[in-house]
Amino acid sequence: MPRLSQIDANLLVALDVLLEERHVTRTARRLGVTQSAMSQTLRRLRDALDDPVLVRSGTRMVATPRAEALAGPLRAALRGIDHLLAGDEDFVPGEAERTFRVACLDSYSISLMPTLFARLADAGPGLTLDVAHLEIDRVWERLRSGDVELAIIGPWDVPADMSTAPLLDERMVGMVRAGHPILDGPIDPAAYARWPHAVTRLTGRGDYPIDRRLEALGVQRRVVGCTPYFLVAPALVVDSDLIVTVPRSAAHAFAERWPVALFDPPLGSPMTYTVSLAWPDYLETDAGHRWLRRTVLAIGEALAARIEGH
């Protein structure tokens, strides 16, 4: 395996674009070189790495397993060098031109993002916010690649090349329409399981922690449907007897806008967890990113205080 001192750094820049485009002509266009020069660069990469890098599969080019494994770490390393060369300049929000790319579950699109949009609008005319849906299976890859630069995550295992900061103490709460019969008496496990439930599916794998809790209590709920979005929860319950169980921060935002009622699910103990910010290490000292992190953390602190005050 070659060492950095043994390879032309420009080849690594070309490899990064090749692995993104998977196409020699498009890569040549982006790098401002001829197609023949790009083909020669690909040959040099293959020699240096002792790997085909890209191979034809039908009408398209696909990366080899080794090249695929290099893609994320290489993009992160190159972006880290870019930030290192740019230096740790001061960030003045009112004068800056920057788009911040943040990934989060849609539940935080209603509880945190409206305030963040307003803060950026007040801070400077050149600041914009690009919010992406958090894909749990791809979040680290997207952070490394620079596709997003900040993610709002749950209590997950964090890779060594990522930094985190706690944002919000969260817990799951039940939500039903105002006037739902379950509110007329004590909400015990049997009552909670008796009514139909709708659930939010975050990944395509596994079961739901709530069902494991209920099984331990000797009851089983009836799930009548699932959705990939928390934001549909109030529409699901407001004209039905459905129960949904959602993060408390989103539930309070829903309750400010919809005729719904909230309660603590009878699951033996509260389902609590910490929500955190996560970002790639190469952005640790970026002045604009530090400003963004401080802003989001302050919004989270204010949101927690508002929820506790209700």
# chains A, B, ... in the order shown; residues from 1 in each chain; ligands from 1
>>> closest_atom_pairs(of="stretch 93-164 of chain A", to="stretch 286-310 of chain A", cutoff="9 Å", atoms="only C-alpha atoms", output="tab-separated table")
residue	atom	partner	partner_atom	distance
A:Pro93	CA	A:Gly288	CA	8.0
A:Ala96	CA	A:Gly288	CA	8.7
A:Arg98	CA	A:Gly288	CA	8.4
A:Phe100	CA	A:Leu292	CA	8.0
A:Ser111	CA	A:Leu303	CA	7.8
A:Leu112	CA	A:Ile299	CA	6.9
A:Met113	CA	A:Val296	CA	9.0
A:Thr115	CA	A:Ile299	CA	7.1
A:Leu116	CA	A:Val296	CA	6.8
A:Arg119	CA	A:Thr295	CA	8.0
A:Glu149	CA	A:His289	CA	8.2
A:Leu150	CA	A:Arg293	CA	8.2
>>> residues_around(residues="A:Pro73", least_positions_apart="6", cutoff="9 Å", atoms="only C-alpha atoms", output="number ranges by chain")
A: 141, 144-145
>>> closest_residue(among="A:Gly185, A:Pro234, A:Gly218, A:Gly94", to="A:Ala198", atoms="only C-alpha atoms")
A:Pro234
>>> closest_residue(among="A:Ile210, A:Val238, A:Leu105, A:Ala71", to="A:Ser269", atoms="only C-alpha atoms")
A:Ile210
>>> residues_around(residues="A:Gly225", least_positions_apart="4", cutoff="10 Å", atoms="only C-alpha atoms", output="list in words")
Pro196, His197, Ala198, Val199, Thr200 and Arg201 of chain A
>>> closest_residue(among="A:Leu19, A:Ile7, A:Val176, A:Val131", to="A:Pro65", atoms="only C-alpha atoms")
A:Leu19
>>> residues_around(residues="stretch 167-171 of chain A", least_positions_apart="5", cutoff="7 Å", atoms="only C-alpha atoms", output="number ranges by chain")
A: 247-248, 270-277, 297, 300, 304
>>> residues_around(residues="A:Val62", least_positions_apart="4", cutoff="12 Å", atoms="only C-alpha atoms", output="PyMOL selection string")
chain A and resi 18-24+52-58+66-68
>>> atom_distance(atom1="atom CA of A:Pro265", atom2="atom CA of A:Ile152")
24.3 Å
>>> residues_around(residues="A:Gln220", least_positions_apart="5", cutoff="12 Å", atoms="only C-alpha atoms", output="short mmCIF file (atom, residue, chain, number, x, y, z; two decimals) with C-alpha atoms, in the first residue's frame")
data_model
loop_
_atom_site.label_atom_id
_atom_site.label_comp_id
_atom_site.auth_asym_id
_atom_site.auth_seq_id
_atom_site.Cartn_x
_atom_site.Cartn_y
_atom_site.Cartn_z
CA PRO A 189 -50.50 -0.96 30.16
CA ALA A 190 -53.76 -2.74 29.40
CA ALA A 191 -55.53 0.51 28.52
CA TYR A 192 -52.59 1.67 26.43
CA ALA A 193 -52.49 -1.59 24.47
CA ARG A 194 -56.26 -1.77 24.02
CA TRP A 195 -56.43 1.09 21.49
CA PRO A 196 -54.97 0.95 17.94
CA HIS A 197 -51.49 2.37 17.41
CA TYR A 208 -39.81 -1.34 18.34
CA ILE A 210 -42.04 -0.01 23.04
CA ASP A 211 -43.20 -3.50 22.08
CA ARG A 212 -40.36 -5.07 24.04
CA ARG A 213 -41.39 -3.00 27.06
CA LEU A 214 -45.04 -4.04 26.70
CA GLU A 215 -44.10 -7.70 26.26
CA LEU A 267 -44.08 1.30 30.04
#
>>> closest_residue(among="A:Ala233, A:Val13, A:Leu183, A:Leu129", to="A:Ala77", atoms="only C-alpha atoms")
A:Val13
>>> decode(residues="stretch 142-284 of chain A", atoms="C-alpha atoms", output="CSV table (one decimal), in the first residue's frame")
chain,number,residue,atom,x,y,z
A,142,ARG,CA,-22.7,12.0,4.5
A,143,LEU,CA,-20.8,13.9,7.3
A,144,ARG,CA,-17.5,12.6,6.1
A,145,SER,CA,-18.2,13.5,2.5
A,146,GLY,CA,-19.4,17.1,3.3
A,147,ASP,CA,-22.9,16.4,2.0
A,148,VAL,CA,-24.0,17.6,5.4
A,149,GLU,CA,-21.9,19.2,8.1
A,150,LEU,CA,-24.0,18.8,11.2
A,151,ALA,CA,-26.4,16.1,12.2
A,152,ILE,CA,-28.9,15.8,15.1
A,153,ILE,CA,-28.6,12.2,16.3
A,154,GLY,CA,-30.0,9.8,18.9
A,155,PRO,CA,-28.1,7.7,21.3
A,156,TRP,CA,-26.0,5.9,18.7
A,157,ASP,CA,-22.4,4.6,18.6
A,158,VAL,CA,-20.3,7.4,17.2
A,159,PRO,CA,-17.2,6.8,15.0
A,160,ALA,CA,-13.8,7.9,16.2
A,161,ASP,CA,-13.6,10.6,13.6
A,162,MET,CA,-16.7,12.4,14.7
A,163,SER,CA,-17.3,14.9,17.5
A,164,THR,CA,-20.5,15.3,19.5
A,165,ALA,CA,-22.2,17.6,22.0
A,166,PRO,CA,-25.4,16.9,24.0
A,167,LEU,CA,-28.3,18.9,22.7
A,168,LEU,CA,-31.5,17.8,24.4
A,169,ASP,CA,-32.7,15.3,27.0
A,170,GLU,CA,-35.6,13.6,25.2
A,171,ARG,CA,-38.3,11.1,26.1
A,172,MET,CA,-41.1,9.4,24.3
A,173,VAL,CA,-44.7,10.5,25.0
A,174,GLY,CA,-48.1,9.3,23.9
A,175,MET,CA,-50.3,11.5,21.9
A,176,VAL,CA,-54.1,11.2,21.1
A,177,ARG,CA,-56.8,13.5,20.0
A,178,ALA,CA,-58.3,15.8,22.6
A,179,GLY,CA,-61.2,14.0,24.3
A,180,HIS,CA,-59.9,10.5,23.5
A,181,PRO,CA,-61.6,8.0,25.9
A,182,ILE,CA,-58.2,6.8,27.2
A,183,LEU,CA,-57.9,10.1,29.0
A,184,ASP,CA,-61.0,9.3,31.1
A,185,GLY,CA,-59.3,6.9,33.4
A,186,PRO,CA,-56.0,5.6,34.6
A,187,ILE,CA,-53.6,4.9,31.7
A,188,ASP,CA,-52.2,1.5,32.6
A,189,PRO,CA,-50.5,-1.0,30.2
A,190,ALA,CA,-53.8,-2.7,29.4
A,191,ALA,CA,-55.5,0.5,28.5
A,192,TYR,CA,-52.6,1.7,26.4
A,193,ALA,CA,-52.5,-1.6,24.5
A,194,ARG,CA,-56.3,-1.8,24.0
A,195,TRP,CA,-56.4,1.1,21.5
A,196,PRO,CA,-55.0,0.9,17.9
A,197,HIS,CA,-51.5,2.4,17.4
A,198,ALA,CA,-49.6,3.9,14.5
A,199,VAL,CA,-45.8,3.8,14.6
A,200,THR,CA,-42.9,5.7,12.9
A,201,ARG,CA,-40.4,3.5,11.2
A,202,LEU,CA,-36.9,5.0,11.2
A,203,THR,CA,-35.0,2.1,9.5
A,204,GLY,CA,-36.1,-1.0,7.7
A,205,ARG,CA,-34.8,-3.3,10.4
A,206,GLY,CA,-35.6,-4.5,13.9
A,207,ASP,CA,-38.6,-4.2,16.1
A,208,TYR,CA,-39.8,-1.3,18.3
A,209,PRO,CA,-38.5,-0.8,21.9
A,210,ILE,CA,-42.0,0.0,23.0
A,211,ASP,CA,-43.2,-3.5,22.1
A,212,ARG,CA,-40.4,-5.1,24.0
A,213,ARG,CA,-41.4,-3.0,27.1
A,214,LEU,CA,-45.0,-4.0,26.7
A,215,GLU,CA,-44.1,-7.7,26.3
A,216,ALA,CA,-42.2,-7.5,29.6
A,217,LEU,CA,-45.4,-6.2,31.1
A,218,GLY,CA,-47.5,-9.0,29.7
A,219,VAL,CA,-49.5,-7.1,27.1
A,220,GLN,CA,-49.3,-6.6,23.3
A,221,ARG,CA,-50.5,-3.5,21.4
A,222,ARG,CA,-52.2,-3.6,18.0
A,223,VAL,CA,-50.3,-1.7,15.4
A,224,VAL,CA,-52.5,-0.8,12.5
A,225,GLY,CA,-49.9,1.0,10.4
A,226,CYS,CA,-46.5,2.6,10.1
A,227,THR,CA,-45.1,5.7,8.5
A,228,PRO,CA,-41.5,7.0,7.9
A,229,TYR,CA,-42.5,10.5,9.2
A,230,PHE,CA,-43.2,11.9,12.7
A,231,LEU,CA,-44.8,15.0,11.2
A,232,VAL,CA,-47.9,13.1,10.1
A,233,ALA,CA,-48.6,12.1,13.8
A,234,PRO,CA,-51.2,14.8,14.6
A,235,ALA,CA,-53.1,14.3,11.4
A,236,LEU,CA,-53.3,10.6,12.2
A,237,VAL,CA,-54.8,11.0,15.6
A,238,VAL,CA,-56.9,14.2,15.4
A,239,ASP,CA,-59.9,12.5,13.8
A,240,SER,CA,-59.4,8.9,15.1
A,241,ASP,CA,-58.9,6.9,18.2
A,242,LEU,CA,-55.3,6.1,17.2
A,243,ILE,CA,-52.4,6.4,19.6
A,244,VAL,CA,-49.0,7.5,18.4
A,245,THR,CA,-45.8,7.7,20.6
A,246,VAL,CA,-43.4,10.5,19.6
A,247,PRO,CA,-40.5,12.5,21.0
A,248,ARG,CA,-41.6,14.9,23.6
A,249,SER,CA,-40.1,18.0,21.9
A,250,ALA,CA,-42.1,17.3,18.7
A,251,ALA,CA,-45.2,16.4,20.8
A,252,HIS,CA,-45.2,19.8,22.5
A,253,ALA,CA,-44.9,21.6,19.1
A,254,PHE,CA,-47.8,19.5,17.8
A,255,ALA,CA,-49.9,20.4,20.9
A,256,GLU,CA,-49.3,24.1,20.3
A,257,ARG,CA,-50.9,23.8,16.8
A,258,TRP,CA,-53.4,20.8,17.0
A,259,PRO,CA,-56.2,19.7,19.4
A,260,VAL,CA,-54.2,16.8,20.8
A,261,ALA,CA,-53.4,15.6,24.3
A,262,LEU,CA,-50.1,14.1,25.7
A,263,PHE,CA,-49.5,11.5,28.3
A,264,ASP,CA,-46.6,9.4,29.6
A,265,PRO,CA,-46.8,5.9,28.2
A,266,PRO,CA,-47.3,3.2,30.9
A,267,LEU,CA,-44.1,1.3,30.0
A,268,GLY,CA,-42.6,0.6,33.5
A,269,SER,CA,-40.3,3.6,33.3
A,270,PRO,CA,-39.9,6.6,31.0
A,271,MET,CA,-38.2,6.0,27.6
A,272,THR,CA,-35.5,8.7,27.9
A,273,TYR,CA,-32.5,9.3,25.8
A,274,THR,CA,-30.0,12.1,24.8
A,275,VAL,CA,-30.2,13.9,21.5
A,276,SER,CA,-26.8,15.2,20.4
A,277,LEU,CA,-25.1,17.2,17.7
A,278,ALA,CA,-22.6,15.3,15.6
A,279,TRP,CA,-20.0,16.7,13.2
A,280,PRO,CA,-16.8,15.5,11.5
A,281,ASP,CA,-13.6,16.3,13.3
A,282,TYR,CA,-12.2,18.3,10.4
A,283,LEU,CA,-14.9,21.0,11.2
A,284,GLU,CA,-13.9,21.2,14.9
